[in-house]
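*Asks:* This is the content of coords-v1.pdb (PDB, N, CA and C atoms):
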MODEL        1
ATOM      1  N   MET A   1       2.938 -27.168  19.867
ATOM      2  CA  MET A   1       4.357 -27.069  20.084
ATOM      3  C   MET A   1       5.126 -27.128  18.766
ATOM      4  N   SER A   2       4.678 -27.919  17.833
ATOM      5  CA  SER A   2       5.390 -27.996  16.558
ATOM      6  C   SER A   2       5.351 -26.666  15.817
ATOM      7  N   ILE A   3       4.301 -25.879  16.027
ATOM      8  CA  ILE A   3       4.228 -24.567  15.400
ATOM      9  C   ILE A   3       5.314 -23.662  15.961
ATOM     10  N   LEU A   4       5.506 -23.705  17.252
ATOM     11  CA  LEU A   4       6.540 -22.873  17.870
ATOM     12  C   LEU A   4       7.920 -23.264  17.375
ATOM     13  N   VAL A   5       8.137 -24.548  17.207
ATOM     14  CA  VAL A   5       9.425 -25.012  16.709
ATOM     15  C   VAL A   5       9.603 -24.573  15.254
ATOM     16  N   GLY A   6       8.523 -24.614  14.464
ATOM     17  CA  GLY A   6       8.609 -24.272  13.055
ATOM     18  C   GLY A   6       8.812 -22.799  12.780
ATOM     19  N   VAL A   7       8.312 -21.941  13.632
ATOM     20  CA  VAL A   7       8.411 -20.503  13.385
ATOM     21  C   VAL A   7       9.855 -20.027  13.328
ATOM     22  N   PRO A   8      10.694 -20.327  14.321
ATOM     23  CA  PRO A   8      12.078 -19.870  14.211
ATOM     24  C   PRO A   8      12.790 -20.448  12.993
ATOM     25  N   GLU A   9      12.499 -21.708  12.659
ATOM     26  CA  GLU A   9      13.148 -22.296  11.493
ATOM     27  C   GLU A   9      12.729 -21.573  10.216
ATOM     28  N   ALA A  10      11.479 -21.192  10.139
ATOM     29  CA  ALA A  10      10.996 -20.489   8.948
ATOM     30  C   ALA A  10      11.659 -19.130   8.808
ATOM     31  N   ASN A  11      12.020 -18.525   9.923
ATOM     32  CA  ASN A  11      12.639 -17.200   9.898
ATOM     33  C   ASN A  11      14.159 -17.257  10.039
ATOM     34  N   ALA A  12      14.709 -18.449  10.047
ATOM     35  CA  ALA A  12      16.144 -18.581  10.297
ATOM     36  C   ALA A  12      16.989 -17.905   9.218
ATOM     37  N   ALA A  13      16.509 -17.906   7.971
ATOM     38  CA  ALA A  13      17.300 -17.322   6.889
ATOM     39  C   ALA A  13      17.503 -15.823   7.093
ATOM     40  N   SER A  14      16.458 -15.138   7.488
ATOM     41  CA  SER A  14      16.564 -13.701   7.725
ATOM     42  C   SER A  14      15.479 -13.272   8.700
ATOM     43  N   ALA A  15      15.878 -12.508   9.693
ATOM     44  CA  ALA A  15      14.925 -12.034  10.692
ATOM     45  C   ALA A  15      14.269 -10.724  10.259
ATOM     46  N   ILE A  16      14.736 -10.145   9.168
ATOM     47  CA  ILE A  16      14.234  -8.851   8.704
ATOM     48  C   ILE A  16      13.306  -9.069   7.517
ATOM     49  N   THR A  17      12.191  -8.341   7.508
ATOM     50  CA  THR A  17      11.274  -8.393   6.372
ATOM     51  C   THR A  17      11.244  -7.032   5.682
ATOM     52  N   CYS A  18      10.834  -7.022   4.425
ATOM     53  CA  CYS A  18      10.722  -5.751   3.707
ATOM     54  C   CYS A  18       9.648  -4.865   4.343
ATOM     55  N   GLU A  19       8.642  -5.468   4.930
ATOM     56  CA  GLU A  19       7.622  -4.683   5.615
ATOM     57  C   GLU A  19       8.241  -3.896   6.778
ATOM     58  N   GLN A  20       9.102  -4.553   7.557
ATOM     59  CA  GLN A  20       9.782  -3.858   8.656
ATOM     60  C   GLN A  20      10.672  -2.737   8.127
ATOM     61  N   VAL A  21      11.414  -3.028   7.073
ATOM     62  CA  VAL A  21      12.299  -2.029   6.481
ATOM     63  C   VAL A  21      11.487  -0.810   6.052
ATOM     64  N   THR A  22      10.357  -1.052   5.411
ATOM     65  CA  THR A  22       9.495   0.046   4.957
ATOM     66  C   THR A  22       9.010   0.884   6.133
ATOM     67  N   ILE A  23       8.566   0.230   7.183
ATOM     68  CA  ILE A  23       8.069   0.950   8.365
ATOM     69  C   ILE A  23       9.177   1.811   8.967
ATOM     70  N   TRP A  24      10.372   1.234   9.115
ATOM     71  CA  TRP A  24      11.473   1.969   9.733
ATOM     72  C   TRP A  24      11.961   3.131   8.876
ATOM     73  N   LEU A  25      11.936   2.979   7.558
ATOM     74  CA  LEU A  25      12.546   3.992   6.699
ATOM     75  C   LEU A  25      11.568   4.975   6.054
ATOM     76  N   THR A  26      10.279   4.742   6.185
ATOM     77  CA  THR A  26       9.296   5.670   5.611
ATOM     78  C   THR A  26       9.535   7.117   6.048
ATOM     79  N   PRO A  27       9.900   7.388   7.311
ATOM     80  CA  PRO A  27      10.135   8.784   7.697
ATOM     81  C   PRO A  27      11.299   9.456   6.951
ATOM     82  N   CYS A  28      12.098   8.682   6.244
ATOM     83  CA  CYS A  28      13.247   9.228   5.511
ATOM     84  C   CYS A  28      12.901   9.663   4.084
ATOM     85  N   ILE A  29      11.732   9.273   3.590
ATOM     86  CA  ILE A  29      11.402   9.505   2.183
ATOM     87  C   ILE A  29      11.381  10.994   1.837
ATOM     88  N   GLY A  30      10.766  11.809   2.678
ATOM     89  CA  GLY A  30      10.691  13.244   2.398
ATOM     90  C   GLY A  30      12.068  13.857   2.216
ATOM     91  N   TYR A  31      13.003  13.495   3.077
ATOM     92  CA  TYR A  31      14.367  13.996   2.945
ATOM     93  C   TYR A  31      14.999  13.481   1.654
ATOM     94  N   GLY A  32      14.778  12.209   1.352
ATOM     95  CA  GLY A  32      15.376  11.608   0.160
ATOM     96  C   GLY A  32      14.895  12.240  -1.129
ATOM     97  N   VAL A  33      13.666  12.754  -1.121
ATOM     98  CA  VAL A  33      13.108  13.369  -2.326
ATOM     99  C   VAL A  33      13.318  14.885  -2.330
ATOM    100  N   PHE A  34      13.017  15.531  -1.213
ATOM    101  CA  PHE A  34      12.990  16.997  -1.177
ATOM    102  C   PHE A  34      14.166  17.645  -0.452
ATOM    103  N   GLY A  35      14.909  16.894   0.359
ATOM    104  CA  GLY A  35      15.985  17.481   1.160
ATOM    105  C   GLY A  35      15.422  18.130   2.403
ATOM    106  N   GLY A  36      16.142  19.090   2.936
ATOM    107  CA  GLY A  36      15.696  19.776   4.141
ATOM    108  C   GLY A  36      16.249  19.121   5.387
ATOM    109  N   VAL A  37      15.464  19.154   6.443
ATOM    110  CA  VAL A  37      15.879  18.611   7.733
ATOM    111  C   VAL A  37      15.521  17.125   7.801
ATOM    112  N   VAL A  38      16.451  16.335   8.302
ATOM    113  CA  VAL A  38      16.198  14.903   8.474
ATOM    114  C   VAL A  38      15.375  14.719   9.754
ATOM    115  N   PRO A  39      14.194  14.114   9.648
ATOM    116  CA  PRO A  39      13.376  13.903  10.848
ATOM    117  C   PRO A  39      14.052  12.945  11.837
ATOM    118  N   ASN A  40      13.834  13.193  13.128
ATOM    119  CA  ASN A  40      14.366  12.286  14.146
ATOM    120  C   ASN A  40      13.883  10.862  13.920
ATOM    121  N   ALA A  41      12.639  10.716  13.472
ATOM    122  CA  ALA A  41      12.082   9.382  13.232
ATOM    123  C   ALA A  41      12.843   8.645  12.135
ATOM    124  N   CYS A  42      13.396   9.365  11.191
ATOM    125  CA  CYS A  42      14.213   8.753  10.141
ATOM    126  C   CYS A  42      15.465   8.135  10.755
ATOM    127  N   CYS A  43      16.172   8.904  11.539
ATOM    128  CA  CYS A  43      17.399   8.392  12.172
ATOM    129  C   CYS A  43      17.089   7.250  13.129
ATOM    130  N   SER A  44      15.988   7.364  13.854
ATOM    131  CA  SER A  44      15.595   6.279  14.765
ATOM    132  C   SER A  44      15.330   5.005  13.973
ATOM    133  N   GLY A  45      14.678   5.148  12.824
ATOM    134  CA  GLY A  45      14.397   3.992  11.984
ATOM    135  C   GLY A  45      15.655   3.361  11.417
ATOM    136  N   ILE A  46      16.588   4.193  10.978
ATOM    137  CA  ILE A  46      17.860   3.681  10.458
ATOM    138  C   ILE A  46      18.602   2.918  11.544
ATOM    139  N   LYS A  47      18.632   3.471  12.745
ATOM    140  CA  LYS A  47      19.335   2.804  13.852
ATOM    141  C   LYS A  47      18.638   1.511  14.252
ATOM    142  N   ALA A  48      17.310   1.492  14.245
ATOM    143  CA  ALA A  48      16.574   0.264  14.565
ATOM    144  C   ALA A  48      16.849  -0.812  13.519
ATOM    145  N   LEU A  49      16.872  -0.404  12.260
ATOM    146  CA  LEU A  49      17.152  -1.344  11.180
ATOM    147  C   LEU A  49      18.571  -1.892  11.294
ATOM    148  N   ASP A  50      19.529  -1.027  11.572
ATOM    149  CA  ASP A  50      20.912  -1.478  11.751
ATOM    150  C   ASP A  50      21.023  -2.476  12.897
ATOM    151  N   ALA A  51      20.337  -2.201  13.995
ATOM    152  CA  ALA A  51      20.388  -3.086  15.164
ATOM    153  C   ALA A  51      19.745  -4.439  14.852
ATOM    154  N   ALA A  52      18.727  -4.449  14.010
ATOM    155  CA  ALA A  52      18.026  -5.685  13.680
ATOM    156  C   ALA A  52      18.799  -6.549  12.694
ATOM    157  N   ALA A  53      19.685  -5.941  11.930
ATOM    158  CA  ALA A  53      20.449  -6.669  10.905
ATOM    159  C   ALA A  53      21.671  -7.309  11.547
ATOM    160  N   LYS A  54      21.463  -8.435  12.205
ATOM    161  CA  LYS A  54      22.521  -9.065  12.992
ATOM    162  C   LYS A  54      23.418 -10.007  12.183
ATOM    163  N   THR A  55      22.878 -10.600  11.129
ATOM    164  CA  THR A  55      23.636 -11.575  10.343
ATOM    165  C   THR A  55      23.882 -11.054   8.926
ATOM    166  N   ALA A  56      24.766 -11.713   8.210
ATOM    167  CA  ALA A  56      25.022 -11.335   6.818
ATOM    168  C   ALA A  56      23.747 -11.473   5.995
ATOM    169  N   GLU A  57      22.959 -12.505   6.255
ATOM    170  CA  GLU A  57      21.705 -12.687   5.515
ATOM    171  C   GLU A  57      20.736 -11.548   5.821
ATOM    172  N   ASP A  58      20.679 -11.129   7.090
ATOM    173  CA  ASP A  58      19.849  -9.973   7.452
ATOM    174  C   ASP A  58      20.279  -8.739   6.675
ATOM    175  N   ARG A  59      21.588  -8.526   6.594
ATOM    176  CA  ARG A  59      22.102  -7.335   5.906
ATOM    177  C   ARG A  59      21.831  -7.392   4.408
ATOM    178  N   ARG A  60      21.890  -8.581   3.816
ATOM    179  CA  ARG A  60      21.556  -8.719   2.392
ATOM    180  C   ARG A  60      20.069  -8.464   2.169
ATOM    181  N   THR A  61      19.238  -8.982   3.064
ATOM    182  CA  THR A  61      17.794  -8.749   2.963
ATOM    183  C   THR A  61      17.498  -7.268   3.105
ATOM    184  N   LYS A  62      18.110  -6.635   4.092
ATOM    185  CA  LYS A  62      17.944  -5.189   4.296
ATOM    186  C   LYS A  62      18.322  -4.431   3.031
ATOM    187  N   CYS A  63      19.461  -4.756   2.468
ATOM    188  CA  CYS A  63      19.949  -4.103   1.255
ATOM    189  C   CYS A  63      18.943  -4.253   0.121
ATOM    190  N   GLN A  64      18.479  -5.479  -0.103
ATOM    191  CA  GLN A  64      17.557  -5.735  -1.213
ATOM    192  C   GLN A  64      16.236  -4.999  -1.006
ATOM    193  N   CYS A  65      15.725  -5.003   0.217
ATOM    194  CA  CYS A  65      14.470  -4.308   0.510
ATOM    195  C   CYS A  65      14.611  -2.801   0.299
ATOM    196  N   VAL A  66      15.710  -2.239   0.763
ATOM    197  CA  VAL A  66      15.946  -0.803   0.601
ATOM    198  C   VAL A  66      16.091  -0.471  -0.885
ATOM    199  N   LYS A  67      16.863  -1.267  -1.600
ATOM    200  CA  LYS A  67      17.073  -1.037  -3.037
ATOM    201  C   LYS A  67      15.746  -1.090  -3.799
ATOM    202  N   GLU A  68      14.939  -2.127  -3.535
ATOM    203  CA  GLU A  68      13.663  -2.276  -4.236
ATOM    204  C   GLU A  68      12.682  -1.168  -3.851
ATOM    205  N   GLY A  69      12.661  -0.819  -2.564
ATOM    206  CA  GLY A  69      11.777   0.254  -2.122
ATOM    207  C   GLY A  69      12.174   1.590  -2.719
ATOM    208  N   ALA A  70      13.467   1.865  -2.748
ATOM    209  CA  ALA A  70      13.959   3.131  -3.289
ATOM    210  C   ALA A  70      13.597   3.268  -4.765
ATOM    211  N   ALA A  71      13.642   2.172  -5.495
ATOM    212  CA  ALA A  71      13.343   2.200  -6.929
ATOM    213  C   ALA A  71      11.893   2.598  -7.207
ATOM    214  N   ARG A  72      11.028   2.447  -6.222
ATOM    215  CA  ARG A  72       9.604   2.789  -6.393
ATOM    216  C   ARG A  72       9.269   4.211  -5.964
ATOM    217  N   ILE A  73      10.264   4.977  -5.546
ATOM    218  CA  ILE A  73      10.009   6.346  -5.072
ATOM    219  C   ILE A  73      10.387   7.338  -6.167
ATOM    220  N   PRO A  74       9.393   7.960  -6.801
ATOM    221  CA  PRO A  74       9.695   8.938  -7.852
ATOM    222  C   PRO A  74      10.484  10.126  -7.290
ATOM    223  N   GLY A  75      11.532  10.515  -7.993
ATOM    224  CA  GLY A  75      12.300  11.690  -7.607
ATOM    225  C   GLY A  75      13.298  11.469  -6.482
ATOM    226  N   LEU A  76      13.517  10.225  -6.082
ATOM    227  CA  LEU A  76      14.464   9.960  -4.995
ATOM    228  C   LEU A  76      15.877  10.341  -5.425
ATOM    229  N   ASN A  77      16.564  11.081  -4.579
ATOM    230  CA  ASN A  77      17.930  11.518  -4.845
ATOM    231  C   ASN A  77      18.874  10.573  -4.097
ATOM    232  N   TYR A  78      19.510   9.670  -4.831
ATOM    233  CA  TYR A  78      20.374   8.666  -4.209
ATOM    234  C   TYR A  78      21.566   9.303  -3.489
ATOM    235  N   ASP A  79      22.113  10.378  -4.042
ATOM    236  CA  ASP A  79      23.231  11.047  -3.367
ATOM    237  C   ASP A  79      22.786  11.560  -1.995
ATOM    238  N   ARG A  80      21.599  12.127  -1.944
ATOM    239  CA  ARG A  80      21.070  12.633  -0.675
ATOM    240  C   ARG A  80      20.819  11.473   0.300
ATOM    241  N   VAL A  81      20.236  10.407  -0.193
ATOM    242  CA  VAL A  81      19.967   9.239   0.656
ATOM    243  C   VAL A  81      21.266   8.697   1.244
ATOM    244  N   ASN A  82      22.324   8.699   0.465
ATOM    245  CA  ASN A  82      23.603   8.160   0.933
ATOM    246  C   ASN A  82      24.282   9.034   1.983
ATOM    247  N   THR A  83      23.747  10.231   2.236
ATOM    248  CA  THR A  83      24.281  11.066   3.323
ATOM    249  C   THR A  83      23.629  10.721   4.665
ATOM    250  N   LEU A  84      22.536   9.976   4.634
ATOM    251  CA  LEU A  84      21.791   9.701   5.866
ATOM    252  C   LEU A  84      22.597   8.978   6.953
ATOM    253  N   PRO A  85      23.386   7.959   6.627
ATOM    254  CA  PRO A  85      24.149   7.326   7.710
ATOM    255  C   PRO A  85      25.039   8.317   8.477
ATOM    256  N   ASP A  86      25.728   9.192   7.761
ATOM    257  CA  ASP A  86      26.567  10.194   8.439
ATOM    258  C   ASP A  86      25.722  11.156   9.268
ATOM    259  N   ILE A  87      24.637  11.637   8.693
ATOM    260  CA  ILE A  87      23.764  12.580   9.398
ATOM    261  C   ILE A  87      23.204  11.947  10.661
ATOM    262  N   CYS A  88      22.867  10.657  10.576
ATOM    263  CA  CYS A  88      22.239   9.969  11.703
ATOM    264  C   CYS A  88      23.240   9.321  12.653
ATOM    265  N   GLY A  89      24.528   9.448  12.361
ATOM    266  CA  GLY A  89      25.544   8.906  13.263
ATOM    267  C   GLY A  89      25.683   7.397  13.179
ATOM    268  N   THR A  90      25.422   6.839  11.989
ATOM    269  CA  THR A  90      25.588   5.407  11.777
ATOM    270  C   THR A  90      26.526   5.199  10.593
ATOM    271  N   THR A  91      26.738   3.961  10.232
ATOM    272  CA  THR A  91      27.560   3.666   9.065
ATOM    273  C   THR A  91      26.805   2.713   8.146
ATOM    274  N   CYS A  92      27.177   2.718   6.901
ATOM    275  CA  CYS A  92      26.624   1.783   5.924
ATOM    276  C   CYS A  92      27.784   1.344   5.042
ATOM    277  N   PRO A  93      27.984   0.038   4.878
ATOM    278  CA  PRO A  93      29.145  -0.444   4.123
ATOM    279  C   PRO A  93      29.010  -0.324   2.609
ATOM    280  N   TYR A  94      27.907   0.240   2.134
ATOM    281  CA  TYR A  94      27.702   0.373   0.695
ATOM    282  C   TYR A  94      26.941   1.660   0.411
ATOM    283  N   LYS A  95      27.010   2.094  -0.841
ATOM    284  CA  LYS A  95      26.247   3.251  -1.303
ATOM    285  C   LYS A  95      25.025   2.731  -2.051
ATOM    286  N   LEU A  96      23.868   3.202  -1.657
ATOM    287  CA  LEU A  96      22.639   2.795  -2.318
ATOM    288  C   LEU A  96      22.617   3.337  -3.739
ATOM    289  N   SER A  97      22.291   2.476  -4.693
ATOM    290  CA  SER A  97      22.139   2.873  -6.086
ATOM    291  C   SER A  97      21.220   1.859  -6.758
ATOM    292  N   PRO A  98      20.677   2.211  -7.918
ATOM    293  CA  PRO A  98      19.816   1.266  -8.621
ATOM    294  C   PRO A  98      20.555  -0.013  -9.075
ATOM    295  N   THR A  99      21.877   0.053  -9.157
ATOM    296  CA  THR A  99      22.654  -1.104  -9.634
ATOM    297  C   THR A  99      23.405  -1.824  -8.513
ATOM    298  N   LEU A 100      23.136  -1.485  -7.266
ATOM    299  CA  LEU A 100      23.801  -2.123  -6.137
ATOM    300  C   LEU A 100      23.564  -3.640  -6.156
ATOM    301  N   ASP A 101      24.619  -4.421  -5.993
ATOM    302  CA  ASP A 101      24.516  -5.874  -5.945
ATOM    303  C   ASP A 101      24.475  -6.316  -4.488
ATOM    304  N   CYS A 102      23.271  -6.522  -3.976
ATOM    305  CA  CYS A 102      23.099  -6.856  -2.563
ATOM    306  C   CYS A 102      23.612  -8.249  -2.211
ATOM    307  N   SER A 103      23.819  -9.089  -3.197
ATOM    308  CA  SER A 103      24.342 -10.435  -2.901
ATOM    309  C   SER A 103      25.775 -10.380  -2.387
ATOM    310  N   LYS A 104      26.454  -9.256  -2.606
ATOM    311  CA  LYS A 104      27.847  -9.115  -2.159
ATOM    312  C   LYS A 104      27.958  -8.449  -0.786
ATOM    313  N   VAL A 105      26.821  -8.082  -0.190
ATOM    314  CA  VAL A 105      26.829  -7.434   1.113
ATOM    315  C   VAL A 105      27.096  -8.475   2.189
ATOM    316  N   ASN A 106      28.023  -8.144   3.086
ATOM    317  CA  ASN A 106      28.339  -9.033   4.208
ATOM    318  C   ASN A 106      27.861  -8.379   5.458
TER     319      ASN A 106
ENDMDL
END
Let me see the structure of the file written as structure tokens.

*Replies:*
Amino acid sequence: MSILVGVPEANAASAITCEQVTIWLTPCIGYGVFGGVVPNACCSGIKALDAAAKTAEDRRTKCQCVKEGAARIPGLNYDRVNTLPDICGTTCPYKLSPTLDCSKVN
């Protein structure tokens, strides 16, 4: 029983992990690098990630994971990536860039 009590407390700071972010957004990489048609799986992943980011801490974690992941993708076009929320019918309160300060995300 103490394990069950400890698990939510351990995850209380943020319910989102970078592993989840990677899984949800991997289908978007091809578009971010090469352009073309945005896969349905990309938009589904963006919407799932948005739905999972319920708290400010979740949104900061999401931001940091996306920023760090994007920095590891050779040839990623940040301008193209920043069009994804509009294309997928969602919103994002910030523009992804290598210098984005995720600590200011609410």

*Asks:* What separation in Å, quoted to one decimal, exists between CA of Glu19 (chain A) and CA of Lys47 (chain A)?

*Replies:* 16.2 Å

*Asks:* Looking only at the backbone, which of the residues in chain A does DSSP tag as alpha helix (DSSP H), as a PyMOL selection string?

*Replies:* chain A and resi 2-10+18-25+29-34+40-52+56-71+78-81+84-88

*Asks:* Given the file shown, enumerate the residues that the PyMOL selection byres (((chain A and resi 93 and name CA) around 9) and name CA) captures and present them as a list in words.

*Replies:*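 This file gives the following for the PyMOL selection byres (((chain A and resi 93 and name CA) around 9) and name CA): Thr91, Cys92, Tyr94, Lys95, Val105 and Asn106 of chain A.
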
*Asks:* I'd like the neighbourhood of region 74-87 of chain A as a PyMOL selection string, where a residue qualifies if any of its atoms comes within 8 Å (using all atoms listed in the file), though same-chain residues fewer than 5 positions away should be ignored.

*Replies:* chain A and resi 28-29+31-35+38+43+46+92+94-98

*Asks:* Selected by the PyMOL selection byres ((chain A and resi 20-23) around 8) in the shown coordinates: which residues, as a PyMOL selection string?

*Replies:* chain A and resi 16-19+24-28+45+49+62+65-66+69
